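Source file: model07.cif. Holds: mmCIF, C-alpha atoms.
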```
data_model
loop_
_atom_site.group_PDB
_atom_site.id
_atom_site.type_symbol
_atom_site.label_atom_id
_atom_site.label_comp_id
_atom_site.auth_asym_id
_atom_site.auth_seq_id
_atom_site.Cartn_x
_atom_site.Cartn_y
_atom_site.Cartn_z
ATOM 1 C CA MET J 1 255.387 -2.109 1.184
ATOM 2 C CA ALA J 2 252.276 -3.070 3.075
ATOM 3 C CA ALA J 3 250.690 -6.529 3.110
ATOM 4 C CA ARG J 4 251.584 -8.540 -0.012
ATOM 5 C CA HIS J 5 248.182 -10.187 -0.352
ATOM 6 C CA ILE J 6 245.423 -8.599 -2.400
ATOM 7 C CA ALA J 7 242.481 -7.316 -0.395
ATOM 8 C CA PRO J 8 239.484 -9.698 -0.777
ATOM 9 C CA ASP J 9 237.152 -8.961 -3.666
ATOM 10 C CA THR J 10 233.969 -8.385 -1.648
ATOM 11 C CA PRO J 11 230.634 -6.715 -2.476
ATOM 12 C CA GLU J 12 231.653 -3.891 -0.144
ATOM 13 C CA LEU J 13 234.893 -3.402 -2.067
ATOM 14 C CA ARG J 14 232.985 -3.301 -5.350
ATOM 15 C CA GLU J 15 230.474 -0.841 -3.959
ATOM 16 C CA ARG J 16 233.211 1.525 -2.821
ATOM 17 C CA TRP J 17 235.642 1.236 -5.743
ATOM 18 C CA GLY J 18 233.728 -0.349 -8.620
ATOM 19 C CA ASN J 19 233.118 2.965 -10.395
ATOM 20 C CA TRP J 20 236.504 4.482 -9.634
ATOM 21 C CA SER J 21 238.275 6.457 -12.335
ATOM 22 C CA PHE J 22 241.057 8.992 -12.703
ATOM 23 C CA ASP J 23 240.141 12.524 -11.771
ATOM 24 C CA GLU J 24 240.944 15.243 -14.294
ATOM 25 C CA ALA J 25 244.382 16.079 -12.902
ATOM 26 C CA THR J 26 245.477 12.454 -12.602
ATOM 27 C CA ARG J 27 244.147 11.635 -16.072
ATOM 28 C CA ALA J 28 246.303 14.395 -17.550
ATOM 29 C CA LYS J 29 249.377 12.981 -15.786
ATOM 30 C CA ALA J 30 248.499 9.468 -16.929
ATOM 31 C CA ASP J 31 248.132 10.534 -20.547
ATOM 32 C CA THR J 32 251.462 12.362 -20.360
ATOM 33 C CA ALA J 33 253.116 9.192 -19.054
ATOM 34 C CA ILE J 34 251.610 7.098 -21.852
ATOM 35 C CA LYS J 35 252.911 9.525 -24.492
ATOM 36 C CA ARG J 36 256.481 8.787 -23.401
ATOM 37 C CA TYR J 37 256.220 5.382 -25.068
ATOM 38 C CA PRO J 38 256.080 4.505 -28.799
ATOM 39 C CA GLU J 39 252.747 3.867 -30.489
ATOM 40 C CA GLY J 40 251.461 0.443 -29.546
ATOM 41 C CA ARG J 41 253.627 0.291 -26.428
ATOM 42 C CA GLN J 42 251.253 2.081 -24.068
ATOM 43 C CA LYS J 43 251.233 -0.964 -21.765
ATOM 44 C CA SER J 44 254.735 0.057 -20.721
ATOM 45 C CA ALA J 45 253.140 2.892 -18.741
ATOM 46 C CA VAL J 46 251.549 0.482 -16.277
ATOM 47 C CA MET J 47 253.989 1.311 -13.471
ATOM 48 C CA PRO J 48 253.542 5.104 -13.465
ATOM 49 C CA LEU J 49 249.779 4.682 -13.854
ATOM 50 C CA LEU J 50 249.618 2.337 -10.874
ATOM 51 C CA ASP J 51 251.556 4.900 -8.849
ATOM 52 C CA LEU J 52 249.224 7.688 -9.936
ATOM 53 C CA ALA J 53 246.203 5.564 -9.063
ATOM 54 C CA GLN J 54 247.599 4.728 -5.639
ATOM 55 C CA ARG J 55 248.250 8.402 -4.947
ATOM 56 C CA GLN J 56 244.722 9.388 -5.984
ATOM 57 C CA VAL J 57 243.248 6.687 -3.753
ATOM 58 C CA GLY J 58 245.472 8.038 -0.975
ATOM 59 C CA ALA J 59 244.154 11.554 -1.473
ATOM 60 C CA GLU J 60 240.579 10.258 -1.451
ATOM 61 C CA THR J 61 241.071 8.247 1.746
ATOM 62 C CA ASN J 62 243.585 10.489 3.554
ATOM 63 C CA THR J 63 246.113 7.657 3.620
ATOM 64 C CA GLN J 64 249.316 6.818 1.784
ATOM 65 C CA GLY J 65 247.137 5.038 -0.739
ATOM 66 C CA TRP J 66 246.600 1.491 -1.979
ATOM 67 C CA LEU J 67 245.318 -0.405 -5.011
ATOM 68 C CA PRO J 68 241.902 -2.062 -4.672
ATOM 69 C CA LEU J 69 241.233 -4.715 -7.316
ATOM 70 C CA PRO J 70 238.652 -2.560 -9.191
ATOM 71 C CA VAL J 71 241.262 0.201 -9.458
ATOM 72 C CA MET J 72 243.743 -2.222 -11.008
ATOM 73 C CA GLU J 73 241.018 -3.407 -13.376
ATOM 74 C CA TYR J 74 240.497 0.226 -14.377
ATOM 75 C CA ILE J 75 244.221 0.580 -15.136
ATOM 76 C CA ALA J 76 244.073 -2.577 -17.259
ATOM 77 C CA SER J 77 241.161 -1.182 -19.233
ATOM 78 C CA TYR J 78 242.848 2.212 -19.593
ATOM 79 C CA LEU J 79 245.923 0.567 -21.112
ATOM 80 C CA ASP J 80 244.014 -2.141 -23.029
ATOM 81 C CA MET J 81 245.884 -4.968 -21.334
ATOM 82 C CA PRO J 82 244.822 -8.101 -19.422
ATOM 83 C CA VAL J 83 244.079 -7.566 -15.741
ATOM 84 C CA ILE J 84 246.475 -10.388 -14.819
ATOM 85 C CA ARG J 85 249.360 -8.414 -16.365
ATOM 86 C CA VAL J 86 248.570 -5.447 -14.127
ATOM 87 C CA LEU J 87 248.336 -7.772 -11.126
ATOM 88 C CA GLU J 88 251.710 -9.286 -11.983
ATOM 89 C CA VAL J 89 253.332 -5.850 -11.801
ATOM 90 C CA ALA J 90 251.462 -4.674 -8.706
ATOM 91 C CA THR J 91 252.237 -7.834 -6.748
ATOM 92 C CA PHE J 92 255.908 -7.903 -7.774
ATOM 93 C CA TYR J 93 256.940 -4.361 -6.859
ATOM 94 C CA THR J 94 256.673 -3.553 -3.172
ATOM 95 C CA MET J 95 256.083 0.152 -3.818
ATOM 96 C CA TYR J 96 252.459 -0.762 -4.493
ATOM 97 C CA ASN J 97 250.195 -1.352 -1.501
ATOM 98 C CA LEU J 98 247.714 -4.169 -2.048
ATOM 99 C CA ALA J 99 245.679 -3.627 1.111
ATOM 100 C CA PRO J 100 244.531 -0.523 3.006
ATOM 101 C CA VAL J 101 247.243 1.420 4.821
ATOM 102 C CA GLY J 102 247.306 4.262 7.297
ATOM 103 C CA ARG J 103 247.909 7.918 6.699
ATOM 104 C CA PHE J 104 251.611 7.336 7.298
ATOM 105 C CA HIS J 105 253.336 4.159 6.127
ATOM 106 C CA VAL J 106 256.380 3.656 8.344
ATOM 107 C CA GLN J 107 258.993 1.424 6.730
ATOM 108 C CA VAL J 108 261.923 0.575 9.003
ATOM 109 C CA CYS J 109 265.077 -0.794 7.423
ATOM 110 C CA GLY J 110 266.342 -3.842 9.294
ATOM 111 C CA THR J 111 269.258 -4.810 7.046
ATOM 112 C CA THR J 112 272.730 -5.274 8.546
ATOM 113 C CA PRO J 113 274.077 -1.654 8.486
ATOM 114 C CA CYS J 114 270.863 -0.301 10.014
ATOM 115 C CA MET J 115 270.685 -3.188 12.486
ATOM 116 C CA LEU J 116 274.246 -2.543 13.641
ATOM 117 C CA ARG J 117 273.423 1.148 14.063
ATOM 118 C CA GLY J 118 270.312 0.600 16.172
ATOM 119 C CA SER J 119 267.315 -0.280 14.014
ATOM 120 C CA ASP J 120 266.097 -2.669 16.728
ATOM 121 C CA ASP J 121 265.483 0.408 18.884
ATOM 122 C CA LEU J 122 263.442 1.949 16.057
ATOM 123 C CA LEU J 123 261.370 -1.209 15.755
ATOM 124 C CA ALA J 124 260.739 -1.100 19.507
ATOM 125 C CA ALA J 125 259.686 2.568 19.276
ATOM 126 C CA CYS J 126 257.164 1.675 16.576
ATOM 127 C CA LYS J 127 255.868 -1.261 18.583
ATOM 128 C CA ALA J 128 255.455 0.987 21.623
ATOM 129 C CA ARG J 129 253.022 3.091 19.566
ATOM 130 C CA GLY J 130 250.942 0.047 18.750
ATOM 131 C CA MET J 131 252.279 -0.468 15.239
ATOM 132 C CA LYS J 132 252.082 -4.039 13.969
ATOM 133 C CA LYS J 133 253.132 -5.494 10.645
ATOM 134 C CA GLY J 134 250.259 -5.688 8.208
ATOM 135 C CA HIS J 135 247.851 -3.692 10.374
ATOM 136 C CA VAL J 136 246.562 -0.133 10.425
ATOM 137 C CA SER J 137 246.640 1.478 13.871
ATOM 138 C CA ASP J 138 243.317 2.071 15.593
ATOM 139 C CA ASP J 139 243.566 5.822 15.002
ATOM 140 C CA GLY J 140 244.205 5.274 11.277
ATOM 141 C CA LEU J 141 247.537 7.077 11.380
ATOM 142 C CA TRP J 142 250.118 4.331 11.072
ATOM 143 C CA SER J 143 250.963 1.317 8.977
ATOM 144 C CA PHE J 144 254.223 -0.478 9.685
ATOM 145 C CA THR J 145 256.588 -2.640 7.653
ATOM 146 C CA GLU J 146 260.136 -3.855 8.248
ATOM 147 C CA VAL J 147 261.967 -3.685 4.927
ATOM 148 C CA GLU J 148 265.314 -4.548 3.419
ATOM 149 C CA CYS J 149 268.036 -2.098 2.376
ATOM 150 C CA MET J 150 266.808 1.209 0.957
ATOM 151 C CA GLY J 151 270.238 2.578 0.104
ATOM 152 C CA ASN J 152 270.987 4.893 3.031
ATOM 153 C CA CYS J 153 273.667 2.758 4.672
ATOM 154 C CA ALA J 154 275.982 5.738 5.248
ATOM 155 C CA THR J 155 273.308 7.418 7.348
ATOM 156 C CA ALA J 156 271.921 4.350 9.085
ATOM 157 C CA PRO J 157 269.607 3.625 10.714
ATOM 158 C CA MET J 158 266.876 5.020 8.503
ATOM 159 C CA VAL J 159 263.129 4.935 8.072
ATOM 160 C CA GLN J 160 261.016 5.795 5.029
ATOM 161 C CA ILE J 161 257.631 7.345 5.773
ATOM 162 C CA ASN J 162 255.479 7.761 2.670
ATOM 163 C CA ASP J 163 257.766 9.559 0.188
ATOM 164 C CA ASP J 164 260.343 10.843 2.689
ATOM 165 C CA ASN J 165 263.473 9.348 4.240
ATOM 166 C CA TYR J 166 264.588 10.049 7.802
ATOM 167 C CA GLU J 167 268.176 9.076 8.582
ATOM 168 C CA ASP J 168 270.695 8.949 11.454
ATOM 169 C CA LEU J 169 267.828 8.026 13.724
ATOM 170 C CA THR J 170 267.636 7.066 17.361
ATOM 171 C CA ALA J 171 264.459 5.983 19.089
ATOM 172 C CA GLU J 172 264.123 9.503 20.477
ATOM 173 C CA ARG J 173 264.626 11.139 17.080
ATOM 174 C CA LEU J 174 262.096 8.806 15.474
ATOM 175 C CA ASP J 175 259.599 9.604 18.227
ATOM 176 C CA ALA J 176 260.058 13.304 17.473
ATOM 177 C CA VAL J 177 259.418 12.692 13.761
ATOM 178 C CA LEU J 178 256.302 10.629 14.465
ATOM 179 C CA ASP J 179 255.004 13.187 16.979
ATOM 180 C CA ALA J 180 255.394 15.949 14.393
ATOM 181 C CA LEU J 181 253.586 13.960 11.713
ATOM 182 C CA ALA J 182 250.758 13.100 14.097
ATOM 183 C CA ALA J 183 250.405 16.803 14.902
ATOM 184 C CA GLY J 184 250.058 17.685 11.225
ATOM 185 C CA GLU J 185 253.556 19.124 10.943
ATOM 186 C CA GLN J 186 256.280 18.343 8.386
ATOM 187 C CA PRO J 187 259.472 17.303 10.188
ATOM 188 C CA LYS J 188 262.890 17.821 8.653
ATOM 189 C CA THR J 189 263.626 15.064 6.168
ATOM 190 C CA GLY J 190 266.973 13.394 5.545
ATOM 191 C CA THR J 191 269.625 13.153 8.217
ATOM 192 C CA GLN J 192 268.593 13.980 11.762
ATOM 193 C CA GLU J 193 272.199 14.394 12.930
ATOM 194 C CA PRO J 194 272.853 18.035 13.939
ATOM 195 C CA GLY J 195 275.388 19.687 11.655
ATOM 196 C CA ARG J 196 275.255 16.933 9.071
ATOM 197 C CA HIS J 197 273.842 17.814 5.652
ATOM 198 C CA THR J 198 273.820 14.617 3.606
ATOM 199 C CA SER J 199 276.027 11.538 3.926
ATOM 200 C CA GLU J 200 279.374 13.176 4.612
ATOM 201 C CA PRO J 201 281.343 11.729 7.555
ATOM 202 C CA ALA J 202 279.622 12.435 10.852
ATOM 203 C CA GLY J 203 282.687 14.292 12.120
ATOM 204 C CA GLY J 204 282.890 16.503 9.056
ATOM 205 C CA PRO J 205 284.531 16.116 5.635
ATOM 206 C CA THR J 206 287.923 14.402 5.507
ATOM 207 C CA SER J 207 288.638 15.354 1.886
ATOM 208 C CA LEU J 208 287.621 18.100 -0.560
ATOM 209 C CA LYS J 209 287.169 20.347 2.456
ATOM 210 C CA GLU J 210 287.225 23.499 0.338
ATOM 211 C CA MET J 211 283.971 22.351 -1.261
ATOM 212 C CA VAL J 212 281.991 22.702 1.961
ATOM 213 C CA ASP J 213 281.084 26.369 1.538
ATOM 214 C CA ALA J 214 281.736 27.054 -2.143
ATOM 215 C CA ASN J 215 282.688 25.419 -5.403
ATOM 216 C CA HIS J 216 286.461 24.932 -5.570
ATOM 217 C CA ASP J 217 288.477 24.151 -8.687
ATOM 218 C CA TYR J 218 291.119 21.564 -7.721
ATOM 219 C CA ARG J 219 292.551 21.147 -11.236
ATOM 220 C CA SER J 220 295.581 23.370 -10.633
ATOM 221 C CA GLU J 221 296.515 21.195 -7.652
ATOM 222 C CA TRP J 222 296.490 17.887 -9.530
#
```

Output the structure of this file as structure tokens.
Amino acid sequence: MAARHIAPDTPELRERWGNWSFDEATRAKADTAIKRYPEGRQKSAVMPLLDLAQRQVGAETNTQGWLPLPVMEYIASYLDMPVIRVLEVATFYTMYNLAPVGRFHVQVCGTTPCMLRGSDDLLAACKARGMKKGHVSDDGLWSFTEVECMGNCATAPMVQINDDNYEDLTAERLDAVLDALAAGEQPKTGTQEPGRHTSEPAGGPTSLKEMVDANHDYRSEW
């Protein structure tokens, strides 16, 4: 999540976003999402439509994307629902950015497992690059947030950047990921521990070892 306050409703904001609408590709995705719900229940599609809107804004601004107030008003009109209901959803779920963000939104987990495994070092690495909570870096690349558990405790510490998770991080490994992103490259996602594939024990599997290289039927051994 980025800042949890809505960007001020200014004349400049209205001039930039007041006539915003879905492009053709996003509209098709939005209509598909709406069709998943029974007739008269189209308001239930507000969450996927907010996500689609945020992604289109991101593509238009070369950032991760955010939700200006006129964009949320457009979603309300599209779904024939009160604007306040859209705002209630957008302000409750932290996946929606309510203020401008950078090209890469760096979310560092600081919950206990990640903290015990070195997330303070990751926070320091972000700070060393000029990242500050609730601010976009001067070069427009980075937004930074410290977040609570994102479910990768077995591969802590971890960071989510836009849609990707990076796990088993050290300050040096995070620096390598950030350097690659800044250079326009796509670093390896998931665990950064050499030889580790997902969340198996760092020293290798301790059970079901025959499953490492091929499917193995254990039923005859039970």

Handout entry: Hits of the PyMOL selection byres ((chain J and resi 193) around 8) in this structure, as a ChimeraX atom specification
Key = /J:167-169,191-192,194-196,202

Exercise for the section: Could you list the residues chosen by the PyMOL selection byres ((chain J and resi 5) around 12) in this structure as a ChimeraX atom specification? Expected result: /J:1-4,6-9,66-69,87,90-92,94,96-100,134

Handout entry: Computed interatomic separation between atom CA of Lys209 of chain J and atom CA of Tyr166 of chain J (Å)
Key =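 Result for atom CA of Lys209 of chain J versus atom CA of Tyr166 of chain J: 25.4 Å, one decimal.
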
Handout entry: Distance query Asn165 of chain J at most 7 Å, all atoms listed in the file, self and fewer than 4 positions along chain excluded, as number ranges by chain
Key = J: 158-161, 189-190

Write the residues of the selection above to a file with C-alpha atoms, as a short mmCIF file (atom, residue, chain, number, x, y, z; two decimals), keeping the file's coordinate frame.
```cif
data_model
loop_
_atom_site.label_atom_id
_atom_site.label_comp_id
_atom_site.auth_asym_id
_atom_site.auth_seq_id
_atom_site.Cartn_x
_atom_site.Cartn_y
_atom_site.Cartn_z
CA MET J 158 266.88 5.02 8.50
CA VAL J 159 263.13 4.93 8.07
CA GLN J 160 261.02 5.80 5.03
CA ILE J 161 257.63 7.34 5.77
CA THR J 189 263.63 15.06 6.17
CA GLY J 190 266.97 13.39 5.54
#
```

Exercise for the section: Fewer than 6 positions away in the same chain doesn't count, so skip those; otherwise give me all residues within 12 Å of Tyr74 of chain J, counting all atoms listed in the file, as JSON, numbers by chain. Expected result: {"J": [17, 18, 19, 20, 21, 22, 46, 49, 50, 53, 67, 68, 80, 81, 82, 83, 86, 87]}

Handout entry: Two-atom distance - atom CA of Arg36 of chain J, atom CA of Glu88 of chain J (Å)
Key = 21.9 Å

Exercise for the section: Can you give me, as a list in words, the residues this file yields under the PyMOL selection byres ((chain J and resi 178) around 10)? Expected result: Phe104, Val106, Ala125, Cys126, Arg129, Leu141, Trp142, Ile161, Glu172, Arg173, Leu174, Asp175, Ala176, Val177, Asp179, Ala180, Leu181, Ala182, Ala183, Gly184, Glu185, Gln186 and Pro187 of chain J

Practice task
Grab the atom CA of Ala59 of chain J to atom CA of Glu24 of chain J distance for me, in Å with one decimal place.
Solution key: 13.7 Å

Problem - Shortest interatomic distance to Cys153 of chain J - which of J:Gly110, J:Pro11, J:Gly204, J:Gly102, counting all atoms listed in the file - result: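 Among J:Gly110, J:Pro11, J:Gly204, J:Gly102, it is J:Gly110 that comes nearest to Cys153 of chain J.
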
Problem - Nearest residue to Arg103 of chain J from the set J:Pro70, J:Gly140, J:Gly130, J:Gly118 (distances using all atoms listed in the file) - result: J:Gly140
